[in-house]
$ cat target_0.txt   # compact mmCIF, C-alpha atoms
# COMPACT_ATOMS: atom_id res chain seq x y z
CA MET A 1 -37.12 62.89 61.93
CA SER A 2 -36.69 60.24 59.25
CA ASN A 3 -33.35 58.50 59.08
CA LYS A 4 -33.69 58.10 55.31
CA ILE A 5 -33.00 60.64 52.61
CA VAL A 6 -33.81 60.09 48.94
CA LEU A 7 -31.60 61.87 46.42
CA ASN A 8 -32.55 61.94 42.74
CA ILE A 9 -29.68 61.33 40.35
CA PRO A 10 -29.91 63.87 37.48
CA ASN A 11 -30.31 62.53 33.94
CA ASP A 12 -27.77 62.48 31.14
CA ILE A 13 -24.71 63.86 32.92
CA LYS A 14 -21.92 63.91 30.34
CA SER A 15 -18.14 64.26 30.54
CA GLU A 16 -18.26 67.95 29.61
CA PHE A 17 -17.82 71.19 31.57
CA GLU A 18 -21.59 71.59 32.14
CA GLY A 19 -21.90 68.03 33.41
CA TYR A 20 -19.02 68.33 35.89
CA ASP A 21 -20.21 71.76 37.01
CA TYR A 22 -23.71 70.44 37.69
CA ILE A 23 -22.73 67.28 39.56
CA ILE A 24 -20.08 69.01 41.70
CA SER A 25 -22.60 71.71 42.70
CA TRP A 26 -25.08 68.90 43.43
CA LEU A 27 -22.48 67.11 45.60
CA ASN A 28 -21.78 70.27 47.59
CA GLN A 29 -25.48 70.61 48.38
CA HIS A 30 -25.54 67.17 50.01
CA LYS A 31 -22.04 66.39 51.30
CA LYS A 32 -22.78 67.56 54.86
CA ILE A 33 -25.42 64.86 55.42
CA THR A 34 -24.41 62.61 58.34
CA ASN A 35 -25.58 59.28 59.80
CA LYS A 36 -28.44 58.66 57.38
CA GLU A 37 -29.51 56.02 54.92
CA ILE A 38 -29.09 57.83 51.62
CA ILE A 39 -31.12 56.28 48.81
CA PHE A 40 -30.00 57.25 45.33
CA ASN A 41 -33.02 57.24 43.03
CA PHE A 42 -32.09 56.58 39.39
CA SER A 43 -35.66 56.81 38.04
CA ARG A 44 -34.89 59.95 35.98
CA VAL A 45 -31.72 58.50 34.46
CA THR A 46 -32.23 57.15 30.95
CA PHE A 47 -28.58 57.53 29.90
CA PHE A 48 -25.42 57.53 32.03
CA GLU A 49 -21.84 57.78 30.77
CA ALA A 50 -20.47 54.84 32.69
CA ASN A 51 -16.94 56.25 32.98
CA LEU A 52 -18.52 58.72 35.44
CA CYS A 53 -18.98 55.81 37.86
CA ALA A 54 -15.49 56.87 39.01
CA LEU A 55 -16.97 60.21 40.10
CA LEU A 56 -20.18 58.69 41.49
CA GLY A 57 -18.12 56.16 43.47
CA THR A 58 -16.09 59.03 44.91
CA ILE A 59 -19.32 60.80 45.91
CA PHE A 60 -20.46 57.59 47.66
CA GLU A 61 -17.10 57.45 49.49
CA ILE A 62 -17.44 61.08 50.64
CA LEU A 63 -20.93 60.39 52.03
CA GLU A 64 -19.99 57.06 53.62
CA GLU A 65 -17.19 58.77 55.53
CA LYS A 66 -19.89 60.83 57.26
CA GLY A 67 -21.49 57.66 58.67
CA ASN A 68 -24.08 57.36 55.91
CA VAL A 69 -25.25 54.10 54.34
CA ILE A 70 -25.78 54.17 50.56
CA ASN A 71 -28.50 52.34 48.64
CA VAL A 72 -29.73 52.60 45.04
CA ILE A 73 -33.25 52.20 43.62
CA ASN A 74 -35.27 52.48 40.40
CA ILE A 75 -32.48 51.90 37.90
CA GLN A 76 -33.76 51.85 34.32
CA PRO A 77 -32.99 48.56 32.49
CA GLN A 78 -30.55 50.04 29.95
CA VAL A 79 -28.65 51.87 32.71
CA GLU A 80 -28.68 48.83 35.00
CA THR A 81 -27.19 46.69 32.22
CA ILE A 82 -24.05 48.81 31.78
CA LEU A 83 -23.63 49.32 35.54
CA ARG A 84 -23.72 45.54 35.99
CA LYS A 85 -21.30 44.97 33.13
CA ASN A 86 -18.77 47.32 34.74
CA GLU A 87 -19.44 45.89 38.25
CA PHE A 88 -20.39 49.26 39.77
CA LEU A 89 -23.59 47.80 41.24
CA PHE A 90 -21.89 44.81 42.90
CA PRO A 91 -21.98 46.31 46.44
CA PHE A 92 -25.76 46.75 46.12
CA GLY A 93 -26.57 43.09 45.47
CA PHE A 94 -26.57 43.09 41.67
CA GLN A 95 -24.90 40.29 39.71
CA LYS A 96 -22.47 40.78 36.81
CA ILE A 97 -23.70 40.70 33.21
CA GLU A 98 -21.19 39.41 30.65
CA ASP A 99 -19.78 42.26 28.57
CA SER A 100 -19.73 40.42 25.24
CA PHE A 101 -19.01 43.57 23.18
CA LYS A 102 -16.20 44.71 25.52
CA THR A 103 -17.54 48.26 25.84
CA ALA A 104 -17.18 48.62 29.63
CA LEU A 105 -14.02 49.22 31.62
CA VAL A 106 -14.57 47.71 35.04
CA TYR A 107 -15.16 50.15 37.92
CA LYS A 108 -12.43 49.77 40.52
CA LYS A 109 -11.28 51.65 43.57
CA PHE A 110 -7.62 51.24 44.39
CA THR A 111 -5.82 51.87 47.65
CA PRO A 112 -2.81 54.18 47.31
CA ASN A 113 -0.37 51.27 47.77
CA ASP A 114 -1.81 49.02 45.05
CA ASP A 115 0.73 49.90 42.32
CA VAL A 116 0.62 46.48 40.70
CA GLY A 117 -3.18 46.39 40.66
CA PHE A 118 -3.46 49.76 38.93
CA TYR A 119 -0.66 48.95 36.48
CA ASN A 120 -2.40 45.69 35.49
CA TYR A 121 -5.72 47.53 35.20
CA ILE A 122 -4.27 49.97 32.63
CA ARG A 123 -2.84 47.13 30.57
CA GLU A 124 -5.87 44.83 30.72
CA GLU A 125 -8.79 47.27 30.69
CA LEU A 126 -7.38 50.02 28.48
CA LEU A 127 -4.47 49.15 26.19
CA ASN A 128 -5.59 45.58 25.50
CA LYS A 129 -8.99 46.73 24.21
CA PRO A 130 -9.19 45.17 20.71
CA GLN A 131 -10.13 48.53 19.15
CA PHE A 132 -7.41 50.58 20.92
CA PRO A 133 -5.23 52.35 18.29
CA SER A 134 -2.38 50.20 17.03
CA HIS A 135 0.87 51.04 18.80
CA SER A 136 4.32 49.65 19.40
CA GLU A 137 5.11 47.78 22.60
CA LYS A 138 7.44 50.55 23.74
CA LEU A 139 4.86 53.27 23.15
CA GLY A 140 2.39 51.09 25.07
CA LYS A 141 4.81 51.12 27.99
CA GLU A 142 5.08 54.91 27.79
CA ILE A 143 1.30 55.39 27.68
CA THR A 144 1.05 53.05 30.66
CA ARG A 145 3.72 55.04 32.47
CA ASN A 146 1.87 58.30 31.73
CA VAL A 147 -1.52 57.00 32.89
CA PHE A 148 0.19 55.52 35.96
CA GLU A 149 1.43 59.05 36.72
CA ILE A 150 -2.21 60.08 37.32
CA TYR A 151 -2.46 57.38 40.01
CA GLU A 152 0.96 58.36 41.34
CA ASN A 153 -0.09 62.03 41.64
CA ALA A 154 -3.28 61.06 43.48
CA ARG A 155 -1.26 58.91 45.85
CA THR A 156 1.60 61.36 46.40
CA HIS A 157 -0.35 64.62 46.56
CA GLY A 158 -3.93 63.63 47.21
CA LYS A 159 -3.39 61.83 50.50
CA CYS A 160 -6.63 59.96 49.83
CA ASP A 161 -7.97 56.57 50.92
CA PHE A 162 -9.07 55.42 47.46
CA ILE A 163 -8.45 56.21 43.80
CA HIS A 164 -11.55 55.47 41.71
CA THR A 165 -11.36 54.53 38.05
CA CYS A 166 -13.78 53.49 35.33
CA GLY A 167 -14.28 53.76 31.60
CA GLN A 168 -16.71 53.35 28.73
CA PHE A 169 -16.32 52.67 25.02
CA PHE A 170 -19.00 54.11 22.71
CA PRO A 171 -18.58 52.22 19.38
CA LYS A 172 -21.70 53.79 17.83
CA LYS A 173 -20.71 57.42 18.49
CA GLN A 174 -18.70 59.52 16.05
CA GLY A 175 -15.00 58.83 16.49
CA LYS A 176 -15.78 55.72 18.57
CA PRO A 177 -14.65 57.45 21.79
CA LEU A 178 -13.33 55.59 24.80
CA HIS A 179 -13.56 57.62 28.02
CA PHE A 180 -11.18 56.69 30.84
CA THR A 181 -11.71 58.49 34.15
CA VAL A 182 -9.66 58.59 37.37
CA VAL A 183 -10.94 60.43 40.47
CA ASP A 184 -9.61 61.02 43.97
CA LYS A 185 -10.98 63.18 46.77
CA GLY A 186 -7.69 64.19 48.34
CA HIS A 187 -5.83 67.47 48.24
CA ASN A 188 -6.62 69.29 45.01
CA ILE A 189 -4.11 70.67 42.50
CA LYS A 190 -4.72 74.30 43.55
CA GLN A 191 -3.78 73.43 47.15
CA ASN A 192 -0.64 71.56 46.12
CA VAL A 193 0.65 74.15 43.64
CA SER A 194 -0.20 77.07 45.95
CA SER A 195 1.68 75.35 48.79
CA TYR A 196 4.65 74.56 46.55
CA LYS A 197 4.87 78.14 45.23
CA ASN A 198 3.99 79.67 48.60
CA GLU A 199 1.34 81.88 47.00
CA ASP A 200 -2.37 81.65 46.23
CA VAL A 201 -2.59 80.28 42.69
CA ASP A 202 -5.86 80.29 40.73
CA ALA A 203 -7.16 76.74 40.22
CA THR A 204 -7.08 76.80 36.41
CA GLU A 205 -3.58 78.34 36.42
CA ALA A 206 -2.47 75.65 38.88
CA ILE A 207 -3.74 72.90 36.56
CA LYS A 208 -2.08 74.54 33.52
CA TRP A 209 1.20 74.73 35.46
CA ALA A 210 0.93 71.08 36.52
CA MET A 211 0.38 69.98 32.91
CA ILE A 212 3.68 71.45 31.67
CA LYS A 213 6.43 68.88 31.19
CA GLY A 214 9.00 69.10 33.97
CA ASN A 215 6.77 70.89 36.48
CA THR A 216 6.16 68.94 39.65
CA THR A 217 5.40 69.70 43.29
CA LYS A 218 7.22 66.51 44.36
CA THR A 219 10.16 67.20 46.66
CA GLY A 220 13.04 65.33 48.24
CA ASN A 221 13.90 61.91 46.82
CA THR A 222 10.53 61.44 45.12
CA SER A 223 11.03 61.37 41.36
CA GLY A 224 8.86 63.56 39.17
CA GLY A 225 8.68 65.57 35.99
CA LEU A 226 7.68 62.85 33.49
CA GLY A 227 4.10 64.00 33.80
CA LEU A 228 1.76 63.34 30.91
CA ALA A 229 4.04 64.49 28.07
CA VAL A 230 3.83 61.37 25.90
CA ILE A 231 0.11 60.93 26.36
CA PHE A 232 -0.50 64.59 25.42
CA GLU A 233 1.37 64.02 22.17
CA PHE A 234 -0.48 60.76 21.53
CA ILE A 235 -3.88 62.33 22.31
CA GLU A 236 -3.17 65.24 19.93
CA LEU A 237 -2.31 62.87 17.06
CA ASN A 238 -5.21 60.57 17.98
CA LYS A 239 -7.67 63.54 18.00
CA GLY A 240 -8.74 62.71 21.54
CA LYS A 241 -8.86 64.96 24.59
CA ILE A 242 -7.79 65.28 28.22
CA GLN A 243 -9.88 66.99 30.91
CA VAL A 244 -8.69 67.86 34.42
CA ILE A 245 -11.06 69.18 37.09
CA SER A 246 -9.69 70.19 40.49
CA SER A 247 -10.89 72.73 43.07
CA ASP A 248 -13.00 75.12 40.94
CA GLY A 249 -10.75 74.77 37.90
CA PHE A 250 -11.62 73.06 34.61
CA TYR A 251 -8.91 72.35 32.01
CA GLU A 252 -9.35 70.69 28.62
CA PHE A 253 -6.76 69.78 25.99
CA ASN A 254 -8.62 68.96 22.77
CA ARG A 255 -6.91 68.56 19.37
CA GLY A 256 -3.95 70.60 20.57
CA ILE A 257 -6.04 73.48 21.94
CA VAL A 258 -6.27 74.26 25.67
CA THR A 259 -9.49 75.72 27.09
CA THR A 260 -10.18 76.52 30.74
CA ASN A 261 -13.24 77.42 32.76
CA LYS A 262 -14.30 78.05 36.34
CA LEU A 263 -16.77 75.84 38.20
CA LYS A 264 -19.50 77.35 40.37
CA SER A 265 -18.27 75.34 43.35
CA ILE A 266 -15.17 73.56 44.59
CA PHE A 267 -14.33 69.87 44.18
CA ASP A 268 -12.02 68.73 46.97
CA GLY A 269 -10.03 66.37 44.84
CA THR A 270 -9.12 65.81 41.21
CA ILE A 271 -10.93 64.33 38.21
CA VAL A 272 -8.91 63.30 35.14
CA ASN A 273 -10.83 62.15 32.06
CA ILE A 274 -9.03 61.02 28.90
CA LYS A 275 -10.97 60.47 25.69
CA PHE A 276 -9.27 58.20 23.17
CA ASN A 277 -10.47 58.09 19.57
CA LEU A 278 -10.85 54.39 18.68
CA ASN A 279 -11.82 55.15 15.10
CA ASP A 280 -8.12 55.74 14.47
CA THR A 281 -6.45 53.39 11.95
CA SER A 282 -2.94 54.84 12.37
CA HIS A 283 -0.10 52.87 13.94
CA TYR A 284 1.86 54.76 16.59
CA SER A 285 5.40 54.32 17.82
CA LEU A 286 8.04 56.41 19.56
CA VAL A 287 10.33 58.57 17.42
CA ASN A 288 13.32 56.66 18.76
CA GLU A 289 12.27 53.04 19.16
CA GLN A 290 15.89 52.11 19.86
CA GLU A 291 15.75 53.74 23.27
CA ASP A 292 15.31 51.04 25.86
CA PHE A 293 12.54 52.10 28.21
CA GLU A 294 12.46 50.08 31.39
CA ASN A 295 9.32 48.77 32.98
CA ILE A 296 7.91 51.37 35.39
CA PHE A 297 8.75 49.08 38.30
$ encode --input "target_0.txt" --output "structure tokens"
Amino acid sequence: MSNKIVLNIPNDIKSEFEGYDYIISWLNQHKKITNKEIIFNFSRVTFFEANLCALLGTIFEILEEKGNVINVINIQPQVETILRKNEFLFPFGFQKIEDSFKTALVYKKFTPNDDVGFYNYIREELLNKPQFPSHSEKLGKEITRNVFEIYENARTHGKCDFIHTCGQFFPKKQGKPLHFTVVDKGHNIKQNVSSYKNEDVDATEAIKWAMIKGNTTKTGNTSGGLGLAVIFEFIELNKGKIQVISSDGFYEFNRGIVTTNKLKSIFDGTIVNIKFNLNDTSHYSLVNEQEDFENIF
């Protein structure tokens, strides 16, 4: 029996329900492989939304935990370029390419105790993007605090080894979207909410519950309840969107409208993707700029 397995990466997976549904089903077909050299063949891939490196990196982590060794082959030049700009291909012997147009957010995987690292990543990779919508310093702190809450939830509830993050700015697409994606493979939202409520809660209902301001499964002295309230308001005004995928639940908040769907298979973890509209010329600030928000630390 060969100790090598070649897996073909599907082409043109996008940050939409169909894309998540496909790749999570694909993961579930292969996640039981153990003690092999798994070669990911990119020959079919002519376009890859680089923010999804956060999900692909999580898939690599899941497979490596089973004693597998990961390699990559046949990466098309245009795909290789972006995956070198965002440093995703570093572990496979590729060198960095300078990102002169600043379209890539670097792929990183954070340990659950690297608060300062993740905080700095939000500031440097996301809010300091030259095209990011104009905002006051205090609103910037609140957006940072909200995005940090995603990391905090993964750390507190996910009980995972790594939190993967990546992003991609598409200046030539309508709305000039910037996708920012955070993924962990720990306990999913359905498990946490069901445990907290002591009843079996549907995955999409669990996500909807978790998105409501003030709802939290944190207990004891752990603070909670801030959630993503400010970023929801900002995203609605900015005409962006938020997607949350956990267990077999899919949740999307787009221009103030919530839609949900059910995946064909379960993802043992949580994916959060935020799309910011960088074609936005508005300036944003908090209603009460006199309120003195402290740094999150």
$ residues_near_point --input "target_0.txt" --point "(-18.5, 61.0, 30.6)" --cutoff "8 Å" --atoms "all atoms listed in the file" --output "PyMOL selection string"
chain A and resi 13-16+48-52+179+273
$ atom_distance --input "target_0.txt" --atom1 "CA of Ile257 (chain A)" --atom2 "CA of Val230 (chain A)"
16.1 Å
$ closest_residue --input "target_0.txt" --among "A:Phe250, A:Tyr196, A:Phe232, A:Tyr151" --to "Glu18 (chain A)" --atoms "all atoms listed in the file"
A:Phe250
$ closest_residue --input "target_0.txt" --among "A:Ile62, A:Leu178, A:Leu7, A:Val79" --to "Thr103 (chain A)" --atoms "all atoms listed in the file"
A:Leu178
$ atom_distance --input "target_0.txt" --atom1 "CA of Gly186 (chain A)" --atom2 "CA of Leu63 (chain A)"
14.3 Å
$ closest_residue --input "target_0.txt" --among "A:Ile24, A:Leu105, A:Ile9, A:Ile143" --to "Leu263 (chain A)" --atoms "all atoms listed in the file"
A:Ile24
$ atom_distance --input "target_0.txt" --atom1 "CA of Tyr20 (chain A)" --atom2 "CA of Phe180 (chain A)"
14.9 Å
$ residues_around --input "target_0.txt" --residues "region 268-272 of chain A" --least-positions-apart "6" --cutoff "9 Å" --atoms "all atoms listed in the file" --output "PyMOL selection string"
chain A and resi 54-55+150+154+158+160+180-189+242-248
$ residues_around --input "target_0.txt" --residues "Met211 (chain A)" --least-positions-apart "2" --cutoff "12 Å" --atoms "all atoms listed in the file" --output "VMD selection string"
chain A and resid 146 149 to 150 153 189 193 204 to 209 213 to 217 225 to 232 242 to 244 251 to 253 258 272
$ residues_around --input "target_0.txt" --residues "Asn71 (chain A)" --least-positions-apart "6" --cutoff "8 Å" --atoms "all atoms listed in the file" --output "count of residues only"
5
$ closest_residue --input "target_0.txt" --among "A:Pro130, A:Pro10, A:Gly19, A:Gly67" --to "Ser43 (chain A)" --atoms "all atoms listed in the file"
A:Pro10
$ closest_atom_pairs --input "target_0.txt" --of "region 56-101 of chain A" --to "region 108-128 of chain A" --cutoff "10 Å" --atoms "all atoms listed in the file" --output "JSON lines"
{"residue": "A:Gly57", "atom": "CA", "partner": "A:Lys109", "partner_atom": "CA", "distance": 8.2}
{"residue": "A:Thr58", "atom": "CA", "partner": "A:Lys109", "partner_atom": "CA", "distance": 8.9}
{"residue": "A:Asn86", "atom": "CA", "partner": "A:Lys108", "partner_atom": "CA", "distance": 8.9}
{"residue": "A:Glu87", "atom": "CA", "partner": "A:Lys108", "partner_atom": "CA", "distance": 8.3}
{"residue": "A:Phe88", "atom": "CA", "partner": "A:Lys108", "partner_atom": "CA", "distance": 8.0}
$ write_last_selection --input "target_0.txt" --atoms "C-alpha atoms" --output "CSV table (one decimal), in the frame of the given file"
chain,number,residue,atom,x,y,z
A,57,GLY,CA,-18.1,56.2,43.5
A,58,THR,CA,-16.1,59.0,44.9
A,86,ASN,CA,-18.8,47.3,34.7
A,87,GLU,CA,-19.4,45.9,38.2
A,88,PHE,CA,-20.4,49.3,39.8
$ closest_residue --input "target_0.txt" --among "A:Phe162, A:Phe234, A:Phe276, A:Phe132" --to "Gln174 (chain A)" --atoms "all atoms listed in the file"
A:Phe276
$ residues_around --input "target_0.txt" --residues "Pro77 (chain A)" --least-positions-apart "2" --cutoff "12 Å" --atoms "all atoms listed in the file" --output "count of residues only"
15
$ residues_around --input "target_0.txt" --residues "Lys36 (chain A)" --least-positions-apart "2" --cutoff "9 Å" --atoms "only C-alpha atoms" --output "NGL selection string"
:A and (2-5 or 33-34 or 38 or 66-70)
$ residues_near_point --input "target_0.txt" --point "(3.7, 52.1, 24.8)" --cutoff "10 Å" --atoms "only C-alpha atoms" --output "PyMOL selection string"
chain A and resi 127+135-146+230-231+284-286+293
$ closest_residue --input "target_0.txt" --among "A:Glu65, A:Leu89, A:Phe169, A:Leu56" --to "Asn35 (chain A)" --atoms "all atoms listed in the file"
A:Glu65
$ decode --input "target_0.txt" --residues "region 45-70 of chain A" --atoms "N, CA, C and O atoms" --output "compact mmCIF listing (two decimals), in the first residue's frame"
# COMPACT_ATOMS: atom_id res chain seq x y z
N VAL A 45 -6.73 24.58 -9.80
CA VAL A 45 -7.09 25.85 -9.17
C VAL A 45 -6.53 27.02 -9.98
O VAL A 45 -5.32 27.25 -10.01
N THR A 46 -7.43 27.75 -10.63
CA THR A 46 -7.01 28.95 -11.38
C THR A 46 -7.34 30.22 -10.61
O THR A 46 -6.81 31.28 -10.91
N PHE A 47 -8.22 30.12 -9.61
CA PHE A 47 -8.54 31.26 -8.76
C PHE A 47 -8.82 30.75 -7.35
O PHE A 47 -9.50 29.75 -7.17
N PHE A 48 -8.27 31.44 -6.35
CA PHE A 48 -8.47 31.03 -4.96
C PHE A 48 -8.63 32.29 -4.11
O PHE A 48 -7.76 33.16 -4.13
N GLU A 49 -9.76 32.42 -3.42
CA GLU A 49 -9.95 33.55 -2.50
C GLU A 49 -9.02 33.34 -1.32
O GLU A 49 -9.22 32.46 -0.49
N ALA A 50 -7.98 34.18 -1.25
CA ALA A 50 -6.88 33.90 -0.33
C ALA A 50 -7.27 33.98 1.14
O ALA A 50 -6.60 33.41 1.99
N ASN A 51 -8.39 34.69 1.47
CA ASN A 51 -8.84 34.68 2.86
C ASN A 51 -9.17 33.26 3.33
O ASN A 51 -9.09 32.95 4.51
N LEU A 52 -9.52 32.38 2.36
CA LEU A 52 -9.85 30.99 2.71
C LEU A 52 -8.62 30.16 3.08
O LEU A 52 -8.75 28.99 3.43
N CYS A 53 -7.43 30.78 3.01
CA CYS A 53 -6.24 30.11 3.57
C CYS A 53 -6.45 29.80 5.05
O CYS A 53 -5.89 28.83 5.57
N ALA A 54 -7.26 30.62 5.74
CA ALA A 54 -7.55 30.35 7.15
C ALA A 54 -8.25 29.00 7.30
O ALA A 54 -7.97 28.23 8.22
N LEU A 55 -9.17 28.70 6.37
CA LEU A 55 -9.86 27.41 6.39
C LEU A 55 -8.95 26.29 5.91
O LEU A 55 -8.91 25.20 6.52
N LEU A 56 -8.18 26.54 4.85
CA LEU A 56 -7.28 25.50 4.34
C LEU A 56 -6.20 25.17 5.37
O LEU A 56 -5.85 24.00 5.57
N GLY A 57 -5.70 26.20 6.07
CA GLY A 57 -4.72 25.96 7.13
C GLY A 57 -5.30 25.12 8.26
O GLY A 57 -4.62 24.27 8.84
N THR A 58 -6.58 25.34 8.57
CA THR A 58 -7.26 24.54 9.60
C THR A 58 -7.40 23.08 9.13
O THR A 58 -7.22 22.15 9.93
N ILE A 59 -7.71 22.89 7.85
CA ILE A 59 -7.79 21.53 7.29
C ILE A 59 -6.43 20.84 7.41
O ILE A 59 -6.34 19.67 7.80
N PHE A 60 -5.36 21.57 7.08
CA PHE A 60 -4.00 21.00 7.22
C PHE A 60 -3.75 20.60 8.68
O PHE A 60 -3.20 19.54 8.95
N GLU A 61 -4.16 21.45 9.62
CA GLU A 61 -3.96 21.15 11.04
C GLU A 61 -4.70 19.88 11.44
O GLU A 61 -4.16 19.02 12.15
N ILE A 62 -5.96 19.76 10.98
CA ILE A 62 -6.76 18.56 11.31
C ILE A 62 -6.06 17.30 10.81
O ILE A 62 -6.00 16.28 11.51
N LEU A 63 -5.52 17.36 9.58
CA LEU A 63 -4.86 16.18 9.00
C LEU A 63 -3.51 15.91 9.65
O LEU A 63 -3.12 14.75 9.84
N GLU A 64 -2.79 16.96 10.01
CA GLU A 64 -1.48 16.76 10.65
C GLU A 64 -1.62 16.14 12.03
O GLU A 64 -0.75 15.39 12.47
N GLU A 65 -2.72 16.42 12.69
CA GLU A 65 -2.96 15.82 14.01
C GLU A 65 -3.12 14.30 13.92
O GLU A 65 -2.97 13.60 14.93
N LYS A 66 -3.45 13.81 12.73
CA LYS A 66 -3.61 12.36 12.53
C LYS A 66 -2.29 11.71 12.08
O LYS A 66 -2.30 10.61 11.54
N GLY A 67 -1.17 12.43 12.26
CA GLY A 67 0.13 11.86 11.90
C GLY A 67 0.47 12.00 10.43
O GLY A 67 1.42 11.38 9.94
N ASN A 68 -0.29 12.79 9.69
CA ASN A 68 -0.03 12.97 8.27
C ASN A 68 0.98 14.10 8.04
O ASN A 68 1.10 15.03 8.84
N VAL A 69 1.70 14.00 6.93
CA VAL A 69 2.62 15.06 6.50
C VAL A 69 2.01 15.70 5.25
O VAL A 69 1.59 15.00 4.33
N ILE A 70 1.96 17.03 5.22
CA ILE A 70 1.32 17.75 4.13
C ILE A 70 2.35 18.30 3.16
O ILE A 70 3.37 18.87 3.56
